[in-house]
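Worksheet: the structure to be examined is printed underneath.
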Amino acid sequence: MTLSMFTSPASGAGINPLLEPSKAPFQTIPFNMVTPANYEEAIIEGIRQQNQEIEEIVSEQSAPTFENTIVALDRSGNLLNVATLTLSNVEHAVGDTVLMNIMAKITPMLSEHSANIMLNQKLWERVKNVYDNRTQRQDLTPEDQRLISETYLNFIESGASLSGDKREKYKKLVKELSDLSLKYAQNITNGMKDPSRRLWLKANQLGGLPESIIAAAREEAKEALEAEGREDNGDSYLFTVFAPSYGPFMKYSSERDLREKLYRLYGSRNIGGEFDNVQLLKDIANIRLEMANMLGFDNFAQYQLQRTMVKTPEAVWKFLENLKDAYTPAMKAEVNEIEEFAKQTEGSDFKLMPWDYSYWSDQLKNSKYAFSDEDMKPYFELNHTINGVFGLANKLYGYKFKENKNIPVYHPDVKAYEVYDGKRMIGILYADFYYRAGKAPGAWMTEFRPEYKDDNGDKTLPIISIVCNFSKPVGKEPVLLTPGEVETFLHEFGHALHGLSADTKYASLSGTNVYHDFVELFSQFNENYMTQKQFLDSFAKHYKTGKPMPQELIDKFVRASQYAAAYSCLRQLGFGYLDMAYHTIEQPIRASADIEEFEKNAQNPVRIFDVVEGCMTSPSFGHIFSGGYAAGYYGYKWAEMLDADAFAAFKQNGIFDQKTAKKFQKMLRSGGTVDPMELYIEFRGQEPTVNALLERDGIR
């Protein structure tokens with residue numbers, strides 16, 4: 001097995017570990033030697049190297065061929081790709097200001113570089129020539145043909161077919177859009193850290209909160225006070241808008257006025273002030289519209305949905321509307337039941353508001369099912385859960401994970417694992433589980449290096465990471481995860497398996513480089529195992545008694561999950577409607593436009609609660625304005641349909657059935673080498689339907 005090697009830096013360049021062949025195990029990133037300045041230097045050198053590689057392609061005297069044009073292009077820019085992935089991944093996971101500044105400086109260069117490649121007339125002519133003559137090559141494999149088509153479409157969608165002033169205009173828009181998206185994302189991160197987004201409480205204001213949440217808030221307060229040089233009187237507790245703090249507080253706090261206060265702090269992020277995103281999101285939406293118009297589309301969604309399973313905006317709207325019609329009656333019944341239940345305590349004039357939903361739905365869930373997330377937490381000790389989740393990949397696909405402490409990592413919290421399929425090593429996995437100040441909120445999977453093969457069939461190992469924001473241990477107490485956190489872990493691990501399983505020839509078609517409404521299938525599929533006792537018995541044992549989780553508790557969890565399913569669906573549809581509203585505009589949003597009114601109108605068809613003045617989703621909706629899900633947020637619900645339909649096959653044949661798992665694994669390995677609908681039909685025998693989803697959610 002050979003691994004990719006970086007070429008030497010340009011003459012006169014200083015020693016930089018990112019520019020030398022890595023001496024770390026499996027040529028992983030030598031984080032123990034890398035300084036922030038190394039990233040910038042490596043990226044600049046990577047741009048230079050790829051420019052040289054592109055020049056060699058366009059200067060080729062012989063006629064354009066698949067090998068000397070398409071493959072050469074796919075294999076160019078290796079140093080740049082890895083250096084850029086590494087910087088962006090570390091910056092996101094660490095939140096270091098120096099790295100953020102470097103990212104801000106480098107991003108315009110990267111945008112310009114990418115545009116220069118995609119708008120290189122000579123390169124475009126060679127790509128088009130190969131595409132136009134692709135049927136004359138009988139020796140090309142389906143994967144080769146797929147690479148030709150996808151490369152051609154990349155150029156078309158990047159404006160390569162434009163000419164003259166339009167080309168330069170398009171190039172300028174690409175750069176501007178990249179700059180705006182980066183600024184928008186960094187505003188979200190900085191806005192979360194803003195001290196004004198914190199809620200300081202005393203011991204007499206902690207009603208309803210579990211001891212573990214109180215202990216974490218106390219620790220958060222001590223760290224903040226120490227960092228600010230303030231005296232700690234022992235009676236300070238700090239809650240923030242970060243998920244590990246915000247979510248539990250909204251669910252468990254019995255203090256309604258404090259829930260409202262924290263909700264408003266969360267919902268008003270990035271509206272006004274230093275980290276305002278309102279004008280940025282208008283500019284982003286308008287630039288996307290202008291780019292789509294230049295390429296002959298009425299709106300950005302038409303442009304964006306060409307290479308998806310659904311294909312058109314009309315199909316997305318139809319899908320969303322079908323879900324709305326199916327789930328709305330159940331959602332209204334759910335919310336009405338919660339409100340009536342709360343009135344028994346709050347009084348007959350009580351009106352359920354968004355800051356009440358988590359608390360009172362949890363109270364009703366406990367009343368109806370005698371269930372609380374806290375009941376399951378003792379069974380989800382983090383180390384056991386890691387073994388269990390990794391074990392799922394072993395049961396389904398035979399994968400094994402071996403920690404390697406000699407592999408350098410970017411933060412002491414991170415663990416590195418070698419991943420094996422039998423005796424064959426298939427990749428490296430970084431696992432970064434704990435919350436820390438500055439780390440971006442939420443959870444995600446990404447790659448530091450994609451998988452691909454050279455002409456001899458030798459494989460470059462993928463380097464994949466999963467990042468979460470679980471609470472850190474307090475003293476000697478173990479980390480106990482909520483059911484939601486375990487689902488998050490399973491979800492991101494599914495993405496990681498997609499990257500680790502990659503078995504393709506070309507990097508651009510490897511792993512998660514698939515249509516965006518297909519990519520969530522593998523993550524959400526894993527979540528189905530949360531309700532399967534056969535799986536849970538492999539690791540979910542009480543951290544004190546060692547007893548397995550009882551079936552009764554699992555059944556309560558299923559019933560409680562079904563109860564909230566309609567609300568959860570409508571909430572997701574609200575995001576989907578908002579996304580499509582921004583990306584089906586056919587006239588620019590005016591600078592003076594009221595985004596609060598725009599958002600209200602977009603979400604009215606699936607609105608659950610009255611609008612809360614001063615609170616919006618749009619200014620912090622990173623998924624669509626900086627996260628790659630523009631005109632694609634529907635993909636989460638689409639993937640739920642896919643994963644429910646796919647898991648139905650396992651339920652029919654056995655949840656660890658090897659024959660079914662082997663067919664599913666083929667989709668994992670194939671990356672973007674085959675149209676996803678073709679892959680899915682081969683696996684399932686038919687196109688997906690919503691039937692299994694409606695049954696799983698208790699709607700049908």
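A note on labels: chains of the structure tokens are A, B, ... as shown, every chain counts residues from 1, and ligands are counted from 1 in their shown order.
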How would you write, as a VMD selection string, the set of residues in region 382-526 of chain A that DSSP gives as strand (DSSP E)? chain A and resid 399 to 403 415 to 421 424 to 434 444 to 449 452 to 453 459 to 460 463 to 470
Who sits within 9 Å of Lys439 (chain A), only C-alpha atoms, same chain under 4 positions skipped, as an NGL selection string: :A and (91-96 or 189 or 435 or 469)
Store the residues picked out above in a file with C-alpha atoms, as a compact mmCIF listing (two decimals), in the first residue's frame.
```
# COMPACT_ATOMS: atom_id res chain seq x y z
CA GLU A 91 -10.08 26.04 12.88
CA HIS A 92 -13.66 24.79 13.22
CA ALA A 93 -12.85 22.35 16.02
CA VAL A 94 -10.51 24.62 17.99
CA GLY A 95 -11.90 28.08 17.32
CA ASP A 96 -8.49 29.70 17.69
CA THR A 189 -19.04 31.04 16.12
CA TYR A 435 -17.08 20.41 24.43
CA ASN A 469 -19.70 18.52 22.03
```
Best match for closeness to Gly499 (chain A) among A:Lys472, A:Arg669, A:Lys533, A:Lys365, counting only C-alpha atoms: A:Arg669
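Note that the spacing between CA of Ser114 (chain A) and CA of Asn286 (chain A) amounts to 21.0 Å.
One distance worth recording is that between CA of Asp194 (chain A) and CA of Glu255 (chain A), which is 23.5 Å.
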One-decimal distance in Å that lies between CA of Ser178 (chain A) and CA of Glu56 (chain A):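 Separation of CA of Glu56 (chain A) and CA of Ser178 (chain A): 27.6 Å.
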Could you give me, as a compact mmCIF listing (two decimals) with all heavy atoms, in the first residue's frame, the residues within 8 Å of Glu220 (chain A), counting only C-alpha atoms and dropping anything in the same chain fewer than 2 positions from it?
```txt
# COMPACT_ATOMS: atom_id res chain seq x y z
N ALA A 216 -22.12 20.77 35.88
CA ALA A 216 -21.47 21.30 34.67
C ALA A 216 -21.55 22.82 34.62
O ALA A 216 -20.59 23.50 34.23
CB ALA A 216 -22.12 20.69 33.43
N ALA A 217 -22.69 23.39 35.04
CA ALA A 217 -22.86 24.84 35.05
C ALA A 217 -21.95 25.48 36.09
O ALA A 217 -21.44 26.59 35.89
CB ALA A 217 -24.31 25.19 35.33
N ARG A 218 -21.77 24.80 37.20
CA ARG A 218 -20.87 25.30 38.23
C ARG A 218 -19.44 25.32 37.70
O ARG A 218 -18.70 26.29 37.90
CB ARG A 218 -20.97 24.42 39.47
CG ARG A 218 -20.04 24.83 40.60
CD ARG A 218 -20.47 26.10 41.31
NE ARG A 218 -19.44 26.57 42.22
CZ ARG A 218 -18.72 27.65 42.05
NH1 ARG A 218 -18.92 28.43 40.99
NH2 ARG A 218 -17.79 28.01 42.91
N LYS A 222 -16.92 28.56 37.15
CA LYS A 222 -15.59 28.67 37.75
C LYS A 222 -14.54 28.98 36.68
O LYS A 222 -13.67 29.83 36.89
CB LYS A 222 -15.23 27.36 38.48
CG LYS A 222 -15.98 27.16 39.79
CD LYS A 222 -15.34 26.11 40.68
CE LYS A 222 -15.44 24.73 40.09
NZ LYS A 222 -14.93 23.70 41.03
N GLU A 223 -14.63 28.29 35.53
CA GLU A 223 -13.66 28.53 34.46
C GLU A 223 -13.78 29.95 33.91
O GLU A 223 -12.78 30.62 33.64
CB GLU A 223 -13.87 27.50 33.34
CG GLU A 223 -13.47 26.09 33.74
CD GLU A 223 -13.70 25.10 32.61
OE1 GLU A 223 -14.07 25.54 31.50
OE2 GLU A 223 -13.51 23.89 32.83
N ALA A 224 -15.02 30.42 33.75
CA ALA A 224 -15.23 31.76 33.21
C ALA A 224 -14.74 32.83 34.18
O ALA A 224 -14.10 33.81 33.77
CB ALA A 224 -16.70 31.97 32.89
N TYR A 237 -23.46 30.02 38.77
CA TYR A 237 -23.70 28.94 37.81
C TYR A 237 -23.91 29.60 36.44
O TYR A 237 -24.68 30.55 36.32
CB TYR A 237 -24.92 28.11 38.20
CG TYR A 237 -24.77 27.47 39.56
CD1 TYR A 237 -25.05 28.19 40.73
CD2 TYR A 237 -24.33 26.16 39.68
CE1 TYR A 237 -24.89 27.63 41.98
CE2 TYR A 237 -24.17 25.58 40.93
CZ TYR A 237 -24.45 26.31 42.07
OH TYR A 237 -24.30 25.74 43.31
N LEU A 238 -23.22 29.07 35.44
CA LEU A 238 -23.24 29.71 34.13
C LEU A 238 -23.86 28.80 33.08
O LEU A 238 -23.45 27.65 32.91
CB LEU A 238 -21.82 30.07 33.71
CG LEU A 238 -21.66 30.76 32.35
CD1 LEU A 238 -22.47 32.04 32.28
CD2 LEU A 238 -20.18 31.02 32.06
N PHE A 239 -24.85 29.36 32.37
CA PHE A 239 -25.47 28.67 31.23
C PHE A 239 -25.25 29.52 29.99
O PHE A 239 -25.30 30.75 30.04
CB PHE A 239 -26.95 28.44 31.49
CG PHE A 239 -27.21 27.46 32.59
CD1 PHE A 239 -27.31 27.89 33.92
CD2 PHE A 239 -27.33 26.10 32.33
CE1 PHE A 239 -27.52 26.99 34.94
CE2 PHE A 239 -27.54 25.19 33.34
CZ PHE A 239 -27.64 25.64 34.66
```
Selection near region 574-589 of chain A, 10 Å with only C-alpha atoms, sequence-local residues under 3 positions removed, as a PyMOL selection string: chain A and resi 281-290+292-293+297-304+313+316-317+320-321+324+568-571+592-595+598-608+617-618+621+623-625+629-637
Compare A:Ala221, A:Ala342, A:Leu679, A:Val127 by their minimum atom-to-atom distance to Asn68 (chain A), counting only C-alpha atoms, and give me the closest one. A:Val127
Contact residues around region 454-468 of chain A with only C-alpha atoms at 7 Å, ignoring same-chain residues under 5 positions, as a ChimeraX atom specification: /A:1-4,426-434,442-449,492-493,496,499-500
Would you write out those residues with N, CA and C atoms, as a PDB file, in the first residue's frame?
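result.pdb, freshly written:
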```pdb
ATOM      1  N   MET A   1       0.855  -1.201   0.000  1.00  0.00           N
ATOM      2  CA  MET A   1       0.000   0.000   0.000  1.00  0.00           C
ATOM      3  C   MET A   1       0.881   1.239   0.000  1.00  0.00           C
ATOM      4  N   THR A   2       0.660   2.157  -0.913  1.00  0.00           N
ATOM      5  CA  THR A   2       1.397   3.416  -0.939  1.00  0.00           C
ATOM      6  C   THR A   2       0.495   4.544  -0.511  1.00  0.00           C
ATOM      7  N   LEU A   3       1.113   5.577  -0.005  1.00  0.00           N
ATOM      8  CA  LEU A   3       0.369   6.750   0.441  1.00  0.00           C
ATOM      9  C   LEU A   3       0.867   7.964  -0.315  1.00  0.00           C
ATOM     10  N   SER A   4      -0.027   8.942  -0.473  1.00  0.00           N
ATOM     11  CA  SER A   4       0.324  10.131  -1.243  1.00  0.00           C
ATOM     12  C   SER A   4       1.478  10.877  -0.595  1.00  0.00           C
ATOM     13  N   ILE A 426      -8.143   0.213   6.357  1.00  0.00           N
ATOM     14  CA  ILE A 426      -8.903   1.018   5.392  1.00  0.00           C
ATOM     15  C   ILE A 426      -8.881   2.507   5.683  1.00  0.00           C
ATOM     16  N   GLY A 427      -8.400   2.913   6.863  1.00  0.00           N
ATOM     17  CA  GLY A 427      -8.372   4.345   7.129  1.00  0.00           C
ATOM     18  C   GLY A 427      -7.984   4.688   8.548  1.00  0.00           C
ATOM     19  N   ILE A 428      -7.946   5.990   8.806  1.00  0.00           N
ATOM     20  CA  ILE A 428      -7.652   6.554  10.127  1.00  0.00           C
ATOM     21  C   ILE A 428      -8.869   7.357  10.569  1.00  0.00           C
ATOM     22  N   LEU A 429      -9.246   7.209  11.839  1.00  0.00           N
ATOM     23  CA  LEU A 429     -10.367   7.969  12.394  1.00  0.00           C
ATOM     24  C   LEU A 429      -9.890   8.794  13.582  1.00  0.00           C
ATOM     25  N   TYR A 430     -10.135  10.124  13.525  1.00  0.00           N
ATOM     26  CA  TYR A 430      -9.960  10.989  14.687  1.00  0.00           C
ATOM     27  C   TYR A 430     -11.315  11.126  15.375  1.00  0.00           C
ATOM     28  N   ALA A 431     -11.324  11.000  16.708  1.00  0.00           N
ATOM     29  CA  ALA A 431     -12.558  11.178  17.477  1.00  0.00           C
ATOM     30  C   ALA A 431     -12.345  12.303  18.484  1.00  0.00           C
ATOM     31  N   ASP A 432     -13.114  13.368  18.345  1.00  0.00           N
ATOM     32  CA  ASP A 432     -12.992  14.573  19.176  1.00  0.00           C
ATOM     33  C   ASP A 432     -14.339  14.784  19.863  1.00  0.00           C
ATOM     34  N   PHE A 433     -14.504  14.268  21.078  1.00  0.00           N
ATOM     35  CA  PHE A 433     -15.821  14.151  21.687  1.00  0.00           C
ATOM     36  C   PHE A 433     -16.249  15.333  22.557  1.00  0.00           C
ATOM     37  N   TYR A 434     -15.315  15.991  23.251  1.00  0.00           N
ATOM     38  CA  TYR A 434     -15.700  16.888  24.340  1.00  0.00           C
ATOM     39  C   TYR A 434     -15.908  18.345  23.907  1.00  0.00           C
ATOM     40  N   GLY A 442     -22.504  21.995  17.993  1.00  0.00           N
ATOM     41  CA  GLY A 442     -23.057  20.881  17.237  1.00  0.00           C
ATOM     42  C   GLY A 442     -22.090  19.725  17.109  1.00  0.00           C
ATOM     43  N   ALA A 443     -22.296  18.922  16.084  1.00  0.00           N
ATOM     44  CA  ALA A 443     -21.464  17.749  15.826  1.00  0.00           C
ATOM     45  C   ALA A 443     -21.334  17.599  14.315  1.00  0.00           C
ATOM     46  N   TRP A 444     -20.204  17.034  13.878  1.00  0.00           N
ATOM     47  CA  TRP A 444     -19.999  16.897  12.447  1.00  0.00           C
ATOM     48  C   TRP A 444     -18.935  15.846  12.152  1.00  0.00           C
ATOM     49  N   MET A 445     -18.943  15.390  10.910  1.00  0.00           N
ATOM     50  CA  MET A 445     -17.894  14.517  10.387  1.00  0.00           C
ATOM     51  C   MET A 445     -17.211  15.262   9.255  1.00  0.00           C
ATOM     52  N   THR A 446     -15.939  15.036   9.101  1.00  0.00           N
ATOM     53  CA  THR A 446     -15.237  15.616   7.961  1.00  0.00           C
ATOM     54  C   THR A 446     -14.044  14.742   7.624  1.00  0.00           C
ATOM     55  N   GLU A 447     -13.344  15.095   6.551  1.00  0.00           N
ATOM     56  CA  GLU A 447     -12.153  14.352   6.161  1.00  0.00           C
ATOM     57  C   GLU A 447     -10.954  15.282   6.143  1.00  0.00           C
ATOM     58  N   PHE A 448      -9.800  14.726   6.512  1.00  0.00           N
ATOM     59  CA  PHE A 448      -8.538  15.446   6.382  1.00  0.00           C
ATOM     60  C   PHE A 448      -7.818  15.030   5.099  1.00  0.00           C
ATOM     61  N   ARG A 449      -8.154  13.825   4.636  1.00  0.00           N
ATOM     62  CA  ARG A 449      -7.566  13.332   3.394  1.00  0.00           C
ATOM     63  C   ARG A 449      -8.533  12.323   2.786  1.00  0.00           C
ATOM     64  N   GLU A 492     -23.094  10.783  13.324  1.00  0.00           N
ATOM     65  CA  GLU A 492     -21.804  11.214  12.768  1.00  0.00           C
ATOM     66  C   GLU A 492     -20.911  10.017  12.451  1.00  0.00           C
ATOM     67  N   PHE A 493     -21.056   8.949  13.226  1.00  0.00           N
ATOM     68  CA  PHE A 493     -20.284   7.742  12.953  1.00  0.00           C
ATOM     69  C   PHE A 493     -20.708   7.133  11.616  1.00  0.00           C
ATOM     70  N   ALA A 496     -18.869   8.950   9.131  1.00  0.00           N
ATOM     71  CA  ALA A 496     -17.469   8.521   9.167  1.00  0.00           C
ATOM     72  C   ALA A 496     -17.287   7.197   8.432  1.00  0.00           C
ATOM     73  N   GLY A 499     -17.002   7.707   4.766  1.00  0.00           N
ATOM     74  CA  GLY A 499     -15.662   8.123   4.345  1.00  0.00           C
ATOM     75  C   GLY A 499     -14.642   7.007   4.462  1.00  0.00           C
ATOM     76  N   LEU A 500     -14.719   6.234   5.553  1.00  0.00           N
ATOM     77  CA  LEU A 500     -13.748   5.165   5.786  1.00  0.00           C
ATOM     78  C   LEU A 500     -13.942   3.993   4.830  1.00  0.00           C
TER      79      LEU A 500
END
```
Pick out each residue of region 159-406 of chain A that DSSP on the backbone tags as helix (DSSP H, G or I); I need them as a PyMOL selection string. chain A and resi 165-193+195-197+203-205+211-227+243-252+256-267+278-294+300-304+313-346+354-369+373-379+382-397
Which residues, written as a list in words, have at least one atom at most 7 Å from region 28-38 of chain A, with only C-alpha atoms counted and residues fewer than 5 positions away on the same chain left out?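 Answer for this query is Asn16, Pro17, Leu18, Ser22, Leu99, Pro408, Val409 and Tyr410 of chain A.
Distances to Ala330 (chain A) were evaluated for A:Leu147, A:Gly672, A:Lys663, A:Gln562 using only C-alpha atoms, and the minimum falls at A:Gln562.
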Can you list, as number ranges by chain, every protein, DNA or RNA residue that comes within 8 Å of Met677 (chain A) when you count only C-alpha atoms, leaving out same-chain residues fewer than 2 positions away? A: 309, 675, 679-681, 687
Would you put the residues from that selection into a file with N, CA, C and O atoms, as an mmCIF file, in the first residue's frame?
```
data_model
loop_
_atom_site.group_PDB
_atom_site.id
_atom_site.type_symbol
_atom_site.label_atom_id
_atom_site.label_comp_id
_atom_site.auth_asym_id
_atom_site.auth_seq_id
_atom_site.Cartn_x
_atom_site.Cartn_y
_atom_site.Cartn_z
ATOM 1 N N MET A 309 -31.064 13.586 -6.068
ATOM 2 C CA MET A 309 -32.027 12.524 -6.319
ATOM 3 C C MET A 309 -33.383 13.097 -6.726
ATOM 4 O O MET A 309 -34.110 12.490 -7.504
ATOM 5 N N ASP A 675 -24.984 6.897 -9.953
ATOM 6 C CA ASP A 675 -26.130 7.711 -9.574
ATOM 7 C C ASP A 675 -26.795 7.091 -8.344
ATOM 8 O O ASP A 675 -27.070 5.890 -8.314
ATOM 9 N N LEU A 679 -28.101 3.161 -7.256
ATOM 10 C CA LEU A 679 -27.552 2.390 -6.142
ATOM 11 C C LEU A 679 -28.651 1.943 -5.196
ATOM 12 O O LEU A 679 -28.672 0.784 -4.747
ATOM 13 N N TYR A 680 -29.555 2.870 -4.884
ATOM 14 C CA TYR A 680 -30.593 2.545 -3.903
ATOM 15 C C TYR A 680 -31.549 1.485 -4.442
ATOM 16 O O TYR A 680 -31.943 0.561 -3.722
ATOM 17 N N ILE A 681 -31.942 1.627 -5.688
ATOM 18 C CA ILE A 681 -32.859 0.644 -6.275
ATOM 19 C C ILE A 681 -32.198 -0.734 -6.318
ATOM 20 O O ILE A 681 -32.840 -1.762 -6.067
ATOM 21 N N GLU A 687 -37.748 2.167 -5.769
ATOM 22 C CA GLU A 687 -37.509 3.513 -5.262
ATOM 23 C C GLU A 687 -38.039 3.631 -3.831
ATOM 24 O O GLU A 687 -38.955 2.899 -3.442
#
```
